[in-house]
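> One file is attached below, run-v8.tsv, containing TSV, C-alpha atoms.
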```
chain	number	residue	atom	x	y	z
A	991	PRO	CA	0.00	0.00	0.00
A	992	LYS	CA	2.94	2.41	0.36
A	993	SER	CA	5.17	3.71	-2.40
A	994	GLY	CA	8.92	3.25	-2.34
A	995	GLY	CA	11.31	0.32	-2.43
A	996	VAL	CA	9.77	-1.77	0.33
A	997	GLY	CA	6.24	-1.12	-0.95
A	998	ARG	CA	7.28	-2.23	-4.46
A	999	TYR	CA	9.02	-5.29	-2.97
A	1000	TYR	CA	5.78	-6.45	-1.33
A	1001	LYS	CA	3.64	-5.54	-4.34
A	1002	ASN	CA	5.77	-7.73	-6.62
A	1003	LEU	CA	5.64	-10.53	-4.05
A	1004	VAL	CA	1.83	-10.43	-4.02
A	1005	ASP	CA	1.48	-9.87	-7.79
A	1006	PHE	CA	3.49	-13.00	-8.54
A	1007	TRP	CA	2.12	-15.18	-5.75
A	1008	PRO	CA	1.30	-18.53	-7.42
A	1009	ASN	CA	-2.25	-18.84	-6.05
A	1010	LYS	CA	-4.00	-15.51	-5.41
A	1011	GLU	CA	-6.72	-17.18	-3.29
A	1012	GLU	CA	-4.07	-18.16	-0.75
A	1013	ILE	CA	-3.08	-14.64	0.22
A	1014	VAL	CA	-4.85	-11.85	2.10
A	1015	VAL	CA	-3.14	-8.45	2.36
A	1016	LEU	CA	-3.85	-6.44	5.48
A	1017	ILE	CA	-2.98	-2.78	5.56
A	1018	PRO	CA	-1.96	-1.93	9.11
A	1019	LYS	CA	-3.75	0.87	10.86
A	1020	PHE	CA	-2.12	2.60	13.78
A	1021	PHE	CA	-3.70	4.82	16.41
A	1022	LYS	CA	-1.98	7.92	17.69
A	1023	ILE	CA	-3.90	8.16	20.96
A	1024	ILE	CA	-4.50	4.53	21.96
A	1025	TRP	CA	-1.64	2.32	23.18
A	1026	PRO	CA	-0.42	0.05	21.80
A	1027	LYS	CA	-0.72	1.83	18.46
A	1028	TRP	CA	-0.96	-1.46	16.57
A	1029	ILE	CA	-3.98	-2.83	18.51
A	1030	TYR	CA	-6.39	-2.23	15.59
A	1031	SER	CA	-4.15	-4.35	13.34
A	1032	PHE	CA	-4.15	-7.06	16.02
A	1033	PHE	CA	-7.98	-7.32	15.94
A	1034	GLN	CA	-8.10	-6.95	12.16
A	1035	THR	CA	-5.75	-9.95	11.91
A	1036	PHE	CA	-7.92	-11.91	14.36
A	1037	LYS	CA	-10.97	-11.37	12.13
A	1038	PHE	CA	-9.15	-12.87	9.17
A	1039	LEU	CA	-7.71	-15.73	11.23
A	1040	ILE	CA	-11.24	-16.77	12.18
A	1041	CYS	CA	-13.07	-16.07	8.88
A	1042	ASP	CA	-10.41	-17.18	6.40
A	1043	LYS	CA	-8.67	-19.84	8.50
A	1044	ILE	CA	-5.25	-18.26	8.06
A	1045	LYS	CA	-2.45	-20.82	8.42
A	1046	LEU	CA	0.62	-18.57	8.14
A	1047	LEU	CA	1.32	-14.91	8.87
A	1048	LEU	CA	3.78	-12.98	6.70
A	1049	ILE	CA	4.99	-10.05	8.79
A	1050	GLY	CA	6.20	-7.15	6.66
A	1051	HIS	CA	7.81	-5.06	9.39
A	1052	ILE	CA	9.45	-6.53	12.45
A	1053	LEU	CA	8.14	-3.72	14.68
A	1054	PRO	CA	5.42	-3.17	15.53
A	1055	LEU	CA	3.74	-5.90	13.44
A	1056	GLY	CA	6.06	-8.59	14.74
A	1057	TYR	CA	4.29	-8.35	18.10
A	1058	ILE	CA	1.13	-9.59	16.38
A	1059	GLY	CA	2.91	-12.58	14.86
A	1060	LEU	CA	4.50	-13.48	18.18
A	1061	ILE	CA	1.21	-13.30	20.11
A	1062	TYR	CA	-0.72	-15.37	17.55
A	1063	LYS	CA	2.03	-17.98	17.49
A	1064	LYS	CA	2.04	-18.30	21.28
A	1065	VAL	CA	-1.76	-18.32	21.66
A	1066	PHE	CA	-3.01	-20.04	18.47
A	1067	LYS	CA	0.15	-21.87	17.30
A	1068	ILE	CA	0.07	-20.02	13.95
A	1069	PRO	CA	3.55	-19.85	12.41
A	1070	TYR	CA	4.91	-16.57	11.11
A	1071	VAL	CA	7.55	-15.34	8.68
A	1072	VAL	CA	9.29	-12.00	9.22
A	1073	PHE	CA	10.59	-9.88	6.36
A	1074	CYS	CA	13.52	-7.66	7.36
A	1075	HIS	CA	15.05	-4.71	5.58
A	1076	GLY	CA	18.27	-2.92	6.51
A	1077	MET	CA	16.66	0.16	7.98
A	1078	ASP	CA	14.08	-1.89	9.93
A	1079	ILE	CA	16.68	-3.63	12.07
A	1080	GLY	CA	19.78	-1.48	11.67
A	1081	ILE	CA	18.49	1.33	13.89
A	1082	LEU	CA	16.92	-0.65	16.75
A	1083	LYS	CA	18.12	0.08	20.27
A	1084	GLY	CA	17.06	-0.52	23.84
A	1085	ARG	CA	13.56	-1.94	24.38
A	1086	LYS	CA	12.89	-2.26	20.64
A	1087	PHE	CA	16.13	-4.21	20.14
A	1088	PHE	CA	15.12	-6.54	22.99
A	1089	PHE	CA	11.66	-7.26	21.54
A	1090	ALA	CA	12.97	-7.57	17.99
A	1091	LYS	CA	15.32	-10.33	19.17
A	1092	ILE	CA	12.40	-12.23	20.74
A	1093	ILE	CA	10.26	-11.83	17.62
A	1094	LEU	CA	13.06	-13.05	15.36
A	1095	LYS	CA	13.99	-16.00	17.60
A	1096	ASN	CA	10.38	-17.20	17.52
A	1097	ALA	CA	9.89	-16.70	13.77
A	1098	ASP	CA	9.53	-19.84	11.68
A	1099	LEU	CA	11.40	-18.18	8.84
A	1100	ILE	CA	13.21	-14.88	8.30
A	1101	ILE	CA	13.46	-13.36	4.84
A	1102	VAL	CA	15.86	-10.49	4.15
A	1103	ASN	CA	16.32	-8.34	1.07
A	1104	SER	CA	20.13	-8.24	0.97
A	1105	GLU	CA	23.41	-9.68	2.21
A	1106	TYR	CA	23.87	-6.48	4.22
A	1107	THR	CA	20.64	-7.11	6.13
A	1108	SER	CA	21.61	-10.74	6.63
A	1109	LYS	CA	24.85	-9.63	8.31
A	1110	ILE	CA	23.03	-7.19	10.61
A	1111	LEU	CA	20.63	-9.97	11.57
A	1112	LYS	CA	23.44	-11.96	13.16
A	1113	LYS	CA	23.28	-9.53	16.12
A	1114	PHE	CA	19.74	-10.71	16.77
A	1115	THR	CA	19.53	-14.43	16.17
A	1116	SER	CA	21.36	-17.55	15.05
A	1117	ILE	CA	18.62	-18.33	12.52
A	1118	SER	CA	19.99	-18.16	8.98
A	1119	PRO	CA	17.70	-16.00	6.88
A	1120	ILE	CA	16.71	-16.57	3.28
A	1121	ILE	CA	17.75	-13.74	0.98
A	1122	LEU	CA	15.00	-12.70	-1.43
A	1123	TYR	CA	16.42	-9.88	-3.50
A	1124	PRO	CA	14.12	-7.15	-4.80
A	1125	SER	CA	13.49	-7.78	-8.46
A	1126	PRO	CA	11.88	-5.92	-11.32
A	1127	ASN	CA	8.41	-6.68	-12.55
A	1128	ILE	CA	9.20	-9.09	-15.40
A	1129	GLU	CA	5.92	-8.27	-17.14
A	1130	LEU	CA	7.01	-4.64	-17.57
A	1131	LEU	CA	10.38	-5.67	-19.00
A	1132	LYS	CA	8.83	-7.43	-21.99
A	1133	TYR	CA	7.78	-4.04	-23.34
A	1134	THR	CA	11.33	-2.79	-23.90
A	1135	ASN	CA	11.89	-2.00	-27.57
A	1136	GLN	CA	15.49	-3.10	-27.71
A	1137	GLU	CA	17.44	-6.08	-26.44
A	1138	ILE	CA	20.84	-5.43	-24.91
A	1139	SER	CA	23.38	-8.20	-24.93
A	1140	THR	CA	26.36	-7.71	-22.63
A	1141	LYS	CA	28.12	-10.53	-24.47
A	1142	GLU	CA	28.33	-8.35	-27.60
A	1143	LYS	CA	29.57	-5.26	-25.76
A	1144	LYS	CA	32.86	-4.74	-23.99
A	1145	ASP	CA	31.50	-1.95	-21.80
A	1146	PHE	CA	28.19	-1.83	-20.06
A	1147	ILE	CA	26.33	0.56	-17.82
A	1148	LEU	CA	25.13	-0.47	-14.39
A	1149	LEU	CA	22.09	1.43	-13.19
A	1150	THR	CA	20.98	1.38	-9.58
A	1151	VAL	CA	18.00	3.26	-8.31
A	1152	GLY	CA	18.05	4.11	-4.64
A	1153	ARG	CA	19.31	6.56	-2.09
A	1154	PHE	CA	23.03	7.21	-2.20
A	1155	VAL	CA	23.86	5.85	1.25
A	1156	GLU	CA	26.65	3.55	2.37
A	1157	ARG	CA	24.36	0.79	3.62
A	1158	LYS	CA	23.04	0.32	0.07
A	1159	GLY	CA	26.53	-0.90	-0.88
A	1160	ILE	CA	27.04	1.46	-3.81
A	1161	LEU	CA	29.61	3.88	-2.32
```
In structure tokens, how does this file's structure come out?


Amino acid sequence: PKSGGVGRYYKNLVDFWPNKEEIVVLIPKFFKIIWPKWIYSFFQTFKFLICDKIKLLLIGHILPLGYIGLIYKKVFKIPYVVFCHGMDIGILKGRKFFFAKIILKNADLIIVNSEYTSKILKKFTSISPIILYPSPNIELLKYTNQEISTKEKKDFILLTVGRFVERKGIL
């Protein structure tokens, strides 16, 4: 539901999910006044667990949505997968670091978007994550009007789209 790299990452994941009837996308809603801010998302998830007999939770952001996965695993024995991105876990400190470690240790699977994120994750858990790199929408690529073969060219241009920050690995 959000624009940007992480939003596109999840959109492509859902767009190319093999069986569309297997997946339900919940857009988290957070309250500014009520604590915890994620409580609405907790009850929204419960509604789908009951009505749609959800068997696996895919948690898009370790905090605060990881709390929901952890609670449902402990109470209803529903497994969960956590997706982690560099910024999500690279800046955690104090209480958030403590809870992130618990959420990750209890996850049935951790998926990261880069080797960089995988290395950061070693501070949190001994679980080896699966790296699922962001990829372009293949359907859009078929509309290019020209094929480029790097075998025929001695020089090539590498294009990266992203913020120019060290953690992206392009400096």

> One decimal, in Å: what's the spacing between atom CA of A:His1051 and atom CA of A:Phe1036?

17.9 Å

> Counting only C-alpha atoms, which residues have an atom no more than 10 Å from (9.5, -17.7, 15.3) in the file's coordinates? Please list them as a PDB file with C-alpha atoms, in the frame of the given file.


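Final file, out-v3.pdb:
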```pdb
ATOM      1  CA  GLY A1056       6.060  -8.590  14.740  1.00  0.00           C
ATOM      2  CA  GLY A1059       2.910 -12.580  14.860  1.00  0.00           C
ATOM      3  CA  LEU A1060       4.500 -13.480  18.180  1.00  0.00           C
ATOM      4  CA  LYS A1063       2.030 -17.980  17.490  1.00  0.00           C
ATOM      5  CA  LYS A1064       2.040 -18.300  21.280  1.00  0.00           C
ATOM      6  CA  ILE A1068       0.070 -20.020  13.950  1.00  0.00           C
ATOM      7  CA  PRO A1069       3.550 -19.850  12.410  1.00  0.00           C
ATOM      8  CA  TYR A1070       4.910 -16.570  11.110  1.00  0.00           C
ATOM      9  CA  VAL A1071       7.550 -15.340   8.680  1.00  0.00           C
ATOM     10  CA  VAL A1072       9.290 -12.000   9.220  1.00  0.00           C
ATOM     11  CA  ILE A1092      12.400 -12.230  20.740  1.00  0.00           C
ATOM     12  CA  ILE A1093      10.260 -11.830  17.620  1.00  0.00           C
ATOM     13  CA  LEU A1094      13.060 -13.050  15.360  1.00  0.00           C
ATOM     14  CA  LYS A1095      13.990 -16.000  17.600  1.00  0.00           C
ATOM     15  CA  ASN A1096      10.380 -17.200  17.520  1.00  0.00           C
ATOM     16  CA  ALA A1097       9.890 -16.700  13.770  1.00  0.00           C
ATOM     17  CA  ASP A1098       9.530 -19.840  11.680  1.00  0.00           C
ATOM     18  CA  LEU A1099      11.400 -18.180   8.840  1.00  0.00           C
ATOM     19  CA  ILE A1100      13.210 -14.880   8.300  1.00  0.00           C
ATOM     20  CA  ILE A1117      18.620 -18.330  12.520  1.00  0.00           C
TER      21      ILE A1117
END
```

> Counting all atoms listed in the file, which residue out of A:Glu1156, A:Pro1119, A:His1075, A:Phe1088 sits closest to A:Val996?

A:His1075

> Report as a VMD selection string all protein, DNA and RNA residues lying within 10 Å of A:Glu1012, evaluated on all atoms listed in the file, omitting residues in the same chain fewer than 2 positions from it.

chain A and resid 1007 to 1010 1014 1042 1044 to 1045

> Which residue out of A:Leu1055, A:Met1077, A:Leu1082, A:Leu1016 has the minimum interatomic distance to A:Ile1029 when only C-alpha atoms are used?

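Looking at the shortest contact to A:Ile1029, the residue is A:Leu1055.
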